[in-house]
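J.: Handing over structure_28.cif, mmCIF, N, CA and C atoms.
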```
data_my_file
#
loop_
_atom_site.label_atom_id
_atom_site.label_comp_id
_atom_site.auth_asym_id
_atom_site.auth_seq_id
_atom_site.Cartn_x
_atom_site.Cartn_y
_atom_site.Cartn_z
N MET A 1 0.84 -1.19 0.00
CA MET A 1 0.00 0.00 0.00
C MET A 1 0.88 1.24 0.00
N ASP A 2 0.48 2.26 -0.73
CA ASP A 2 1.25 3.49 -0.83
C ASP A 2 0.83 4.42 0.30
N TYR A 3 1.69 4.55 1.31
CA TYR A 3 1.35 5.37 2.47
C TYR A 3 1.49 6.86 2.19
N LEU A 4 2.24 7.24 1.16
CA LEU A 4 2.43 8.66 0.88
C LEU A 4 1.14 9.33 0.42
N SER A 5 0.19 8.56 -0.07
CA SER A 5 -1.05 9.17 -0.54
C SER A 5 -1.89 9.70 0.63
N TYR A 6 -1.56 9.28 1.85
CA TYR A 6 -2.31 9.74 3.01
C TYR A 6 -1.65 10.91 3.71
N LYS A 7 -0.60 11.42 3.10
CA LYS A 7 0.15 12.50 3.73
C LYS A 7 -0.67 13.80 3.66
N THR A 8 -0.69 14.53 4.76
CA THR A 8 -1.40 15.80 4.80
C THR A 8 -0.55 16.87 4.12
N ALA A 9 -1.14 17.56 3.17
CA ALA A 9 -0.41 18.60 2.45
C ALA A 9 -0.58 19.92 3.18
N SER A 10 0.53 20.48 3.66
CA SER A 10 0.50 21.79 4.31
C SER A 10 1.09 22.81 3.35
N ALA A 11 0.43 23.93 3.21
CA ALA A 11 0.91 24.98 2.32
C ALA A 11 1.95 25.83 3.04
N ASN A 12 2.89 26.37 2.26
CA ASN A 12 3.79 27.39 2.78
C ASN A 12 3.93 28.48 1.73
N LYS A 13 4.76 29.48 2.00
CA LYS A 13 4.86 30.61 1.07
C LYS A 13 5.24 30.17 -0.33
N ALA A 14 6.09 29.17 -0.44
CA ALA A 14 6.58 28.75 -1.75
C ALA A 14 5.54 27.95 -2.53
N THR A 15 4.71 27.18 -1.84
CA THR A 15 3.79 26.27 -2.55
C THR A 15 2.37 26.79 -2.69
N VAL A 16 2.07 27.96 -2.12
CA VAL A 16 0.71 28.46 -2.15
C VAL A 16 0.36 28.99 -3.55
N GLN A 17 -0.86 28.71 -4.00
CA GLN A 17 -1.35 29.17 -5.31
C GLN A 17 -2.36 30.29 -5.07
N LYS A 18 -1.91 31.54 -5.25
CA LYS A 18 -2.82 32.68 -5.04
C LYS A 18 -3.44 33.08 -6.37
N GLU A 19 -4.73 33.36 -6.34
CA GLU A 19 -5.45 33.78 -7.54
C GLU A 19 -6.13 35.11 -7.26
N TRP A 20 -6.64 35.75 -8.33
CA TRP A 20 -7.41 36.98 -8.22
C TRP A 20 -8.87 36.66 -8.42
N VAL A 21 -9.71 37.07 -7.48
CA VAL A 21 -11.15 36.83 -7.56
C VAL A 21 -11.85 38.18 -7.57
N VAL A 22 -12.74 38.39 -8.55
CA VAL A 22 -13.50 39.64 -8.64
C VAL A 22 -14.91 39.37 -8.14
N VAL A 23 -15.36 40.16 -7.16
CA VAL A 23 -16.69 40.03 -6.59
C VAL A 23 -17.48 41.29 -6.90
N ASP A 24 -18.68 41.13 -7.48
CA ASP A 24 -19.54 42.27 -7.77
C ASP A 24 -20.52 42.42 -6.62
N ALA A 25 -20.45 43.55 -5.90
CA ALA A 25 -21.27 43.76 -4.70
C ALA A 25 -22.64 44.33 -5.01
N GLU A 26 -22.94 44.60 -6.27
CA GLU A 26 -24.20 45.25 -6.62
C GLU A 26 -25.39 44.37 -6.24
N GLY A 27 -26.26 44.90 -5.37
CA GLY A 27 -27.47 44.20 -4.97
C GLY A 27 -27.25 43.09 -3.96
N GLN A 28 -26.04 42.87 -3.47
CA GLN A 28 -25.78 41.80 -2.51
C GLN A 28 -25.93 42.31 -1.09
N ILE A 29 -26.33 41.40 -0.19
CA ILE A 29 -26.45 41.74 1.22
C ILE A 29 -25.05 41.80 1.83
N LEU A 30 -24.78 42.84 2.60
CA LEU A 30 -23.43 43.13 3.10
C LEU A 30 -22.80 41.95 3.85
N GLY A 31 -23.47 41.46 4.88
CA GLY A 31 -22.89 40.42 5.72
C GLY A 31 -22.69 39.10 5.01
N ARG A 32 -23.64 38.72 4.16
CA ARG A 32 -23.54 37.45 3.45
C ARG A 32 -22.42 37.47 2.42
N MET A 33 -22.24 38.63 1.79
CA MET A 33 -21.15 38.75 0.83
C MET A 33 -19.80 38.75 1.55
N CYS A 34 -19.72 39.46 2.67
CA CYS A 34 -18.45 39.59 3.38
C CYS A 34 -17.99 38.28 4.00
N THR A 35 -18.92 37.40 4.40
CA THR A 35 -18.49 36.10 4.93
C THR A 35 -17.79 35.30 3.85
N LYS A 36 -18.31 35.35 2.63
CA LYS A 36 -17.68 34.62 1.52
C LYS A 36 -16.34 35.24 1.17
N VAL A 37 -16.26 36.58 1.21
CA VAL A 37 -15.00 37.26 0.92
C VAL A 37 -13.96 36.90 1.98
N ALA A 38 -14.36 36.86 3.25
CA ALA A 38 -13.43 36.52 4.33
C ALA A 38 -12.90 35.10 4.16
N LYS A 39 -13.77 34.18 3.74
CA LYS A 39 -13.33 32.80 3.50
C LYS A 39 -12.36 32.73 2.33
N LEU A 40 -12.61 33.53 1.28
CA LEU A 40 -11.69 33.56 0.14
C LEU A 40 -10.33 34.11 0.56
N LEU A 41 -10.33 35.19 1.36
CA LEU A 41 -9.07 35.78 1.82
C LEU A 41 -8.29 34.81 2.68
N ARG A 42 -9.00 34.05 3.48
CA ARG A 42 -8.37 33.11 4.41
C ARG A 42 -7.88 31.85 3.70
N GLY A 43 -8.54 31.47 2.59
CA GLY A 43 -8.15 30.26 1.88
C GLY A 43 -8.93 29.03 2.30
N LYS A 44 -10.06 29.23 2.96
CA LYS A 44 -10.84 28.11 3.50
C LYS A 44 -11.42 27.22 2.40
N TYR A 45 -11.59 27.76 1.19
CA TYR A 45 -12.17 26.97 0.12
C TYR A 45 -11.15 26.07 -0.57
N LYS A 46 -9.88 26.17 -0.20
CA LYS A 46 -8.83 25.40 -0.86
C LYS A 46 -8.57 24.09 -0.14
N PRO A 47 -8.25 23.04 -0.88
CA PRO A 47 -8.01 21.74 -0.23
C PRO A 47 -6.74 21.71 0.61
N ASN A 48 -5.76 22.58 0.32
CA ASN A 48 -4.53 22.58 1.12
C ASN A 48 -4.52 23.73 2.11
N PHE A 49 -5.68 24.07 2.68
CA PHE A 49 -5.79 25.16 3.67
C PHE A 49 -4.89 24.86 4.86
N THR A 50 -4.11 25.85 5.23
CA THR A 50 -3.23 25.76 6.40
C THR A 50 -3.51 26.98 7.27
N PRO A 51 -3.88 26.78 8.55
CA PRO A 51 -4.35 27.89 9.39
C PRO A 51 -3.33 28.99 9.62
N ASN A 52 -2.03 28.66 9.62
CA ASN A 52 -1.03 29.66 9.99
C ASN A 52 -0.33 30.28 8.79
N VAL A 53 -0.85 30.07 7.57
CA VAL A 53 -0.22 30.57 6.35
C VAL A 53 -1.23 31.37 5.55
N ASP A 54 -0.76 32.44 4.92
CA ASP A 54 -1.61 33.22 4.02
C ASP A 54 -1.75 32.45 2.71
N CYS A 55 -2.73 31.56 2.64
CA CYS A 55 -2.93 30.74 1.45
C CYS A 55 -4.21 31.14 0.71
N GLY A 56 -4.79 32.27 1.07
CA GLY A 56 -6.02 32.71 0.44
C GLY A 56 -5.77 33.48 -0.85
N ASP A 57 -6.86 33.81 -1.53
CA ASP A 57 -6.79 34.53 -2.79
C ASP A 57 -6.80 36.03 -2.56
N ASN A 58 -6.42 36.77 -3.59
CA ASN A 58 -6.57 38.22 -3.59
C ASN A 58 -7.97 38.52 -4.10
N VAL A 59 -8.71 39.37 -3.41
CA VAL A 59 -10.11 39.64 -3.75
C VAL A 59 -10.27 41.10 -4.14
N ILE A 60 -10.95 41.32 -5.28
CA ILE A 60 -11.30 42.66 -5.74
C ILE A 60 -12.81 42.78 -5.66
N ILE A 61 -13.30 43.78 -4.93
CA ILE A 61 -14.74 44.03 -4.84
C ILE A 61 -15.05 45.26 -5.66
N ILE A 62 -15.98 45.11 -6.62
CA ILE A 62 -16.40 46.25 -7.43
C ILE A 62 -17.84 46.60 -7.08
N ASN A 63 -18.27 47.80 -7.43
CA ASN A 63 -19.60 48.31 -7.11
C ASN A 63 -19.88 48.28 -5.61
N ALA A 64 -18.89 48.63 -4.80
CA ALA A 64 -19.04 48.59 -3.35
C ALA A 64 -20.08 49.57 -2.85
N ASP A 65 -20.35 50.63 -3.62
CA ASP A 65 -21.33 51.62 -3.18
C ASP A 65 -22.76 51.14 -3.39
N LYS A 66 -22.97 49.99 -4.03
CA LYS A 66 -24.32 49.48 -4.30
C LYS A 66 -24.66 48.27 -3.43
N VAL A 67 -23.93 48.09 -2.33
CA VAL A 67 -24.21 46.97 -1.42
C VAL A 67 -25.49 47.26 -0.65
N GLN A 68 -26.20 46.22 -0.21
CA GLN A 68 -27.50 46.36 0.45
C GLN A 68 -27.41 45.96 1.92
N LEU A 69 -28.28 46.55 2.72
CA LEU A 69 -28.54 46.11 4.09
C LEU A 69 -30.04 45.98 4.24
N THR A 70 -30.49 44.92 4.91
CA THR A 70 -31.92 44.70 5.05
C THR A 70 -32.47 45.53 6.20
N GLY A 71 -33.77 45.77 6.17
CA GLY A 71 -34.43 46.53 7.23
C GLY A 71 -33.93 47.96 7.26
N ASN A 72 -33.86 48.50 8.46
CA ASN A 72 -33.42 49.89 8.63
C ASN A 72 -32.02 49.93 9.26
N LYS A 73 -31.19 48.94 8.90
CA LYS A 73 -29.88 48.83 9.52
C LYS A 73 -28.93 49.96 9.13
N TRP A 74 -29.20 50.65 8.02
CA TRP A 74 -28.32 51.75 7.62
C TRP A 74 -28.21 52.80 8.72
N ASN A 75 -29.31 53.02 9.46
CA ASN A 75 -29.29 54.05 10.50
C ASN A 75 -29.47 53.50 11.91
N ASP A 76 -30.06 52.31 12.06
CA ASP A 76 -30.31 51.77 13.39
C ASP A 76 -29.11 51.04 13.97
N ARG A 77 -28.31 50.37 13.14
CA ARG A 77 -27.14 49.66 13.65
C ARG A 77 -26.10 50.67 14.07
N VAL A 78 -25.48 50.44 15.23
CA VAL A 78 -24.50 51.40 15.76
C VAL A 78 -23.20 50.66 16.04
N TYR A 79 -22.11 51.16 15.48
CA TYR A 79 -20.77 50.67 15.79
C TYR A 79 -20.18 51.60 16.83
N VAL A 80 -19.44 51.03 17.78
CA VAL A 80 -18.86 51.81 18.87
C VAL A 80 -17.35 51.61 18.87
N ARG A 81 -16.61 52.69 19.02
CA ARG A 81 -15.17 52.58 19.22
C ARG A 81 -14.78 53.52 20.35
N TYR A 82 -13.63 53.29 20.92
CA TYR A 82 -13.17 54.05 22.07
C TYR A 82 -11.78 54.60 21.79
N THR A 83 -11.60 55.90 21.97
CA THR A 83 -10.33 56.54 21.65
C THR A 83 -9.25 56.25 22.68
N GLY A 84 -9.66 55.86 23.88
CA GLY A 84 -8.68 55.62 24.93
C GLY A 84 -8.63 56.75 25.94
N PHE A 85 -9.34 57.81 25.68
CA PHE A 85 -9.37 58.96 26.59
C PHE A 85 -10.73 59.03 27.28
N PRO A 86 -10.80 59.69 28.45
CA PRO A 86 -12.09 59.84 29.13
C PRO A 86 -13.10 60.56 28.24
N GLY A 87 -14.29 60.02 28.16
CA GLY A 87 -15.33 60.58 27.32
C GLY A 87 -15.08 60.36 25.84
N GLY A 88 -14.22 59.41 25.51
CA GLY A 88 -13.82 59.22 24.12
C GLY A 88 -14.57 58.11 23.40
N GLN A 89 -15.76 57.76 23.87
CA GLN A 89 -16.54 56.73 23.18
C GLN A 89 -17.26 57.36 21.99
N ARG A 90 -17.00 56.82 20.80
CA ARG A 90 -17.58 57.36 19.58
C ARG A 90 -18.54 56.33 18.99
N GLU A 91 -19.67 56.83 18.49
CA GLU A 91 -20.65 55.96 17.85
C GLU A 91 -20.83 56.39 16.41
N TYR A 92 -21.00 55.41 15.52
CA TYR A 92 -21.26 55.72 14.13
C TYR A 92 -22.07 54.59 13.50
N THR A 93 -22.76 54.91 12.43
CA THR A 93 -23.66 53.96 11.76
C THR A 93 -23.05 53.52 10.44
N PRO A 94 -23.58 52.47 9.83
CA PRO A 94 -23.11 52.09 8.49
C PRO A 94 -23.26 53.23 7.47
N GLN A 95 -24.29 54.04 7.61
CA GLN A 95 -24.47 55.16 6.68
C GLN A 95 -23.35 56.18 6.82
N ASP A 96 -22.88 56.40 8.06
CA ASP A 96 -21.76 57.32 8.28
C ASP A 96 -20.50 56.82 7.56
N LEU A 97 -20.24 55.51 7.67
CA LEU A 97 -19.07 54.93 7.00
C LEU A 97 -19.21 55.02 5.49
N MET A 98 -20.42 54.77 4.98
CA MET A 98 -20.64 54.80 3.54
C MET A 98 -20.46 56.22 3.01
N ASP A 99 -20.83 57.23 3.81
CA ASP A 99 -20.66 58.62 3.38
C ASP A 99 -19.17 58.99 3.27
N LYS A 100 -18.33 58.40 4.14
CA LYS A 100 -16.90 58.68 4.09
C LYS A 100 -16.23 57.97 2.93
N GLY A 101 -16.78 56.85 2.50
CA GLY A 101 -16.20 56.08 1.40
C GLY A 101 -16.78 54.68 1.42
N ALA A 102 -17.12 54.18 0.25
CA ALA A 102 -17.78 52.88 0.17
C ALA A 102 -16.86 51.76 0.65
N ASP A 103 -15.56 51.96 0.55
CA ASP A 103 -14.65 50.88 0.96
C ASP A 103 -14.55 50.74 2.47
N ARG A 104 -14.85 51.79 3.23
CA ARG A 104 -14.66 51.74 4.68
C ARG A 104 -15.60 50.75 5.36
N LEU A 105 -16.85 50.73 4.93
CA LEU A 105 -17.83 49.83 5.55
C LEU A 105 -17.46 48.37 5.28
N ILE A 106 -17.18 48.04 4.03
CA ILE A 106 -16.86 46.65 3.68
C ILE A 106 -15.57 46.21 4.35
N ARG A 107 -14.57 47.10 4.37
CA ARG A 107 -13.30 46.74 5.01
C ARG A 107 -13.49 46.47 6.51
N LYS A 108 -14.33 47.26 7.19
CA LYS A 108 -14.59 47.06 8.61
C LYS A 108 -15.27 45.72 8.86
N VAL A 109 -16.26 45.39 8.02
CA VAL A 109 -17.02 44.16 8.22
C VAL A 109 -16.14 42.94 7.96
N VAL A 110 -15.35 42.97 6.88
CA VAL A 110 -14.49 41.82 6.55
C VAL A 110 -13.40 41.66 7.59
N LYS A 111 -12.83 42.77 8.04
CA LYS A 111 -11.74 42.69 9.03
C LYS A 111 -12.23 42.05 10.33
N GLY A 112 -13.48 42.30 10.69
CA GLY A 112 -14.04 41.69 11.89
C GLY A 112 -14.22 40.19 11.77
N MET A 113 -14.22 39.67 10.53
CA MET A 113 -14.39 38.23 10.32
C MET A 113 -13.06 37.50 10.15
N LEU A 114 -11.96 38.23 10.16
CA LEU A 114 -10.64 37.62 10.02
C LEU A 114 -10.00 37.44 11.40
N PRO A 115 -8.96 36.62 11.51
CA PRO A 115 -8.30 36.42 12.80
C PRO A 115 -7.71 37.72 13.32
N LYS A 116 -7.74 37.89 14.64
CA LYS A 116 -7.20 39.10 15.26
C LYS A 116 -5.73 38.87 15.60
N THR A 117 -4.93 38.54 14.59
CA THR A 117 -3.51 38.25 14.77
C THR A 117 -2.72 38.96 13.69
N ARG A 118 -1.40 38.73 13.67
CA ARG A 118 -0.57 39.31 12.61
C ARG A 118 -0.98 38.77 11.25
N LEU A 119 -1.42 37.50 11.22
CA LEU A 119 -1.87 36.92 9.95
C LEU A 119 -3.11 37.65 9.45
N GLY A 120 -4.04 37.97 10.35
CA GLY A 120 -5.24 38.69 9.95
C GLY A 120 -4.92 40.07 9.39
N ASN A 121 -3.90 40.73 9.97
CA ASN A 121 -3.48 42.04 9.47
C ASN A 121 -2.90 41.93 8.07
N LYS A 122 -2.21 40.82 7.76
CA LYS A 122 -1.68 40.62 6.42
C LYS A 122 -2.79 40.28 5.43
N LEU A 123 -3.76 39.50 5.88
CA LEU A 123 -4.84 39.06 4.98
C LEU A 123 -5.70 40.22 4.51
N ILE A 124 -5.95 41.20 5.36
CA ILE A 124 -6.83 42.32 4.96
C ILE A 124 -6.17 43.14 3.85
N ASN A 125 -4.85 43.06 3.72
CA ASN A 125 -4.16 43.78 2.64
C ASN A 125 -4.38 43.11 1.28
N ASN A 126 -4.90 41.88 1.25
CA ASN A 126 -5.20 41.20 -0.01
C ASN A 126 -6.58 41.58 -0.55
N LEU A 127 -7.26 42.50 0.13
CA LEU A 127 -8.60 42.94 -0.28
C LEU A 127 -8.51 44.31 -0.92
N LYS A 128 -9.04 44.43 -2.13
CA LYS A 128 -9.09 45.70 -2.85
C LYS A 128 -10.55 46.04 -3.11
N ILE A 129 -10.96 47.26 -2.75
CA ILE A 129 -12.37 47.64 -2.85
C ILE A 129 -12.50 48.88 -3.73
N PHE A 130 -13.45 48.84 -4.68
CA PHE A 130 -13.68 49.96 -5.58
C PHE A 130 -15.16 50.28 -5.61
N ALA A 131 -15.48 51.57 -5.60
CA ALA A 131 -16.88 52.00 -5.57
C ALA A 131 -17.56 51.77 -6.91
N GLY A 132 -16.85 51.93 -8.01
CA GLY A 132 -17.45 51.78 -9.33
C GLY A 132 -17.25 50.40 -9.91
N ALA A 133 -17.59 50.27 -11.19
CA ALA A 133 -17.47 48.98 -11.88
C ALA A 133 -16.07 48.74 -12.42
N GLU A 134 -15.22 49.76 -12.42
CA GLU A 134 -13.86 49.62 -12.95
C GLU A 134 -12.87 49.42 -11.81
N HIS A 135 -11.84 48.61 -12.07
CA HIS A 135 -10.75 48.48 -11.10
C HIS A 135 -9.43 48.53 -11.85
N LYS A 136 -8.38 48.94 -11.14
CA LYS A 136 -7.10 49.20 -11.78
C LYS A 136 -6.15 48.01 -11.77
N HIS A 137 -6.59 46.87 -11.28
CA HIS A 137 -5.71 45.72 -11.16
C HIS A 137 -5.83 44.82 -12.38
N GLN A 138 -4.69 44.37 -12.87
CA GLN A 138 -4.67 43.44 -14.00
C GLN A 138 -4.73 42.04 -13.45
N HIS A 139 -5.56 41.22 -14.03
CA HIS A 139 -5.59 39.80 -13.66
C HIS A 139 -5.86 38.99 -14.92
N PRO A 140 -5.31 37.80 -14.98
CA PRO A 140 -5.46 36.97 -16.18
C PRO A 140 -6.87 36.52 -16.44
#
```
Please rewrite the model in this file as structure tokens.
T.:
Amino acid sequence: MDYLSYKTASANKATVQKEWVVVDAEGQILGRMCTKVAKLLRGKYKPNFTPNVDCGDNVIIINADKVQLTGNKWNDRVYVRYTGFPGGQREYTPQDLMDKGADRLIRKVVKGMLPKTRLGNKLINNLKIFAGAEHKHQHP
């Protein structure tokens, strides 16, 4: 019997196959789209997924300004951050983030779904977000 066929394949920097994936956000629900994007960035869909290696794909999101939220979440959902100073608790809504730039809302949501480690900080850099239908990245 060939025992090598049962060997677990672990990816490393040299053996990882990174691809470019284009996601059209037009008409998609924010959270449902971002979970799939986070899995693509992490590499969970690949058979040689390795938890401690950046083996995910590079993701380009186009039409980020046309993403949807159900109900009245644009104004009712509240994100909270703290500056670190007394009285420094700040509140903002998804609409506030969208007004500053369409990429800010999606980047915040996807980053929250990635690991809170150095690897997670590297993975978020593989995400490119564009408000319109055009993007500046070349891919085969």
J.: Here's the selection I'm unsure about, the PyMOL selection byres ((chain A and resi 93-103) around 7); applied to the file above, which residues does it give, as a ChimeraX atom specification?
T.: /A:64-65,73-79,91-92,104-108,129-131
J.: Between atom CA of Tyr82 of chain A and atom C of Gly112 of chain A, measure the distance and give it in Å to one decimal.
T.: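 Value for the atom CA of Tyr82 of chain A-atom C of Gly112 of chain A distance: 17.3 Å.
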J.: Output the residue selection produced by the PyMOL selection byres ((chain A and resi 11) around 8) on the file above, formatted as JSON, numbers by chain.
T.: {"A": [8, 9, 10, 12, 13, 14, 15, 16, 17, 47, 48, 49, 50, 51, 52, 53, 54, 55]}
J.: With only C-alpha atoms as the counted atoms, please give the residues lying no more than 12 Å from Pro115 of chain A, apart from itself and same-chain residues fewer than 5 positions off, as a PyMOL selection string.
T.: chain A and resi 38-39+41-42+51-54+110+120-124
J.: Let's see if you can do this: from backbone DSSP, list all alpha helix (DSSP H) residues in segment 30-64 of chain A, as a VMD selection string.
T.: chain A and resid 30 to 42
J.: For Lys44 of chain A, which residue among A:His137, A:Lys111, A:Lys116, A:Gly56 is the nearest when counting only N, CA and C atoms?
T.: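 Among the listed residues, A:Gly56 lies closest to Lys44 of chain A.
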J.: Can you work out which one of A:Gly71, A:Gly88, A:Val21, A:Asn58 has the shortest atom-to-atom distance to Leu127 of chain A, counting only C-alpha atoms?
T.: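 Among the listed residues, the smallest separation from Leu127 of chain A belongs to A:Asn58.
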J.: What's the separation between atom C of Cys34 of chain A and atom N of Asn125 of chain A, in Å to one decimal place?
T.: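 Atom-to-atom, atom C of Cys34 of chain A and atom N of Asn125 of chain A are spaced 14.0 Å apart.
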J.: Between atom C of Gly87 of chain A and atom CA of Val109 of chain A, measure the distance and give it in Å to one decimal.
T.: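 About the pair atom C of Gly87 of chain A and atom CA of Val109 of chain A: they are 24.0 Å apart.
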J.: With distances taken over all atoms listed in the file, which residue among A:Asp24, A:Ile29, A:Tyr45, A:Thr35 lies nearest Ile60 of chain A?
T.: A:Asp24
J.: Pick out the closest residue to Met33 of chain A from this set: A:Thr83, A:Met113, A:Arg90, A:His135. Count only C-alpha atoms.
T.: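 Result for the nearest residue to Met33 of chain A: A:Met113.
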J.: Nearest to Val67 of chain A among A:Arg118, A:Asn126, A:Ala133, A:Gly27, with distances taken over all atoms listed in the file: which residue is it?
T.: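 Between A:Arg118, A:Asn126, A:Ala133, A:Gly27, the residue approaching Val67 of chain A most closely is A:Gly27.
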J.: With N, CA, C and O atoms as the goal, would you fill in the gaps in segment 99-113 of chain A and present it as a CSV table (one decimal), in the coordinates of the input?
T.:
```
chain,number,residue,atom,x,y,z
A,99,ASP,N,-20.8,57.2,3.8
A,99,ASP,CA,-20.7,58.6,3.4
A,99,ASP,C,-19.2,59.0,3.3
A,99,ASP,O,-18.8,59.8,2.4
A,100,LYS,N,-18.3,58.4,4.1
A,100,LYS,CA,-16.9,58.7,4.1
A,100,LYS,C,-16.2,58.0,2.9
A,100,LYS,O,-15.2,58.4,2.5
A,101,GLY,N,-16.8,56.8,2.5
A,101,GLY,CA,-16.2,56.1,1.4
A,101,GLY,C,-16.8,54.7,1.4
A,101,GLY,O,-16.9,54.1,2.5
A,102,ALA,N,-17.1,54.2,0.2
A,102,ALA,CA,-17.8,52.9,0.2
A,102,ALA,C,-16.9,51.8,0.6
A,102,ALA,O,-17.3,50.7,1.1
A,103,ASP,N,-15.6,52.0,0.6
A,103,ASP,CA,-14.6,50.9,1.0
A,103,ASP,C,-14.6,50.7,2.5
A,103,ASP,O,-14.2,49.7,3.0
A,104,ARG,N,-14.8,51.8,3.2
A,104,ARG,CA,-14.7,51.7,4.7
A,104,ARG,C,-15.6,50.8,5.4
A,104,ARG,O,-15.2,50.0,6.3
A,105,LEU,N,-16.8,50.7,4.9
A,105,LEU,CA,-17.8,49.8,5.6
A,105,LEU,C,-17.5,48.4,5.3
A,105,LEU,O,-17.4,47.6,6.2
A,106,ILE,N,-17.2,48.0,4.0
A,106,ILE,CA,-16.9,46.6,3.7
A,106,ILE,C,-15.6,46.2,4.4
A,106,ILE,O,-15.5,45.1,4.9
A,107,ARG,N,-14.6,47.1,4.4
A,107,ARG,CA,-13.3,46.7,5.0
A,107,ARG,C,-13.5,46.5,6.5
A,107,ARG,O,-12.9,45.5,7.1
A,108,LYS,N,-14.3,47.3,7.2
A,108,LYS,CA,-14.6,47.1,8.6
A,108,LYS,C,-15.3,45.7,8.9
A,108,LYS,O,-14.9,45.0,9.8
A,109,VAL,N,-16.3,45.4,8.0
A,109,VAL,CA,-17.0,44.2,8.2
A,109,VAL,C,-16.1,42.9,8.0
A,109,VAL,O,-16.1,42.0,8.7
A,110,VAL,N,-15.4,43.0,6.9
A,110,VAL,CA,-14.5,41.8,6.6
A,110,VAL,C,-13.4,41.7,7.6
A,110,VAL,O,-13.1,40.5,8.0
A,111,LYS,N,-12.8,42.8,8.0
A,111,LYS,CA,-11.7,42.7,9.0
A,111,LYS,C,-12.2,42.0,10.3
A,111,LYS,O,-11.5,41.3,11.0
A,112,GLY,N,-13.5,42.3,10.7
A,112,GLY,CA,-14.0,41.7,11.9
A,112,GLY,C,-14.2,40.2,11.8
A,112,GLY,O,-14.3,39.5,12.8
A,113,MET,N,-14.2,39.7,10.5
A,113,MET,CA,-14.4,38.2,10.3
A,113,MET,C,-13.1,37.5,10.2
A,113,MET,O,-13.1,36.3,10.0
```
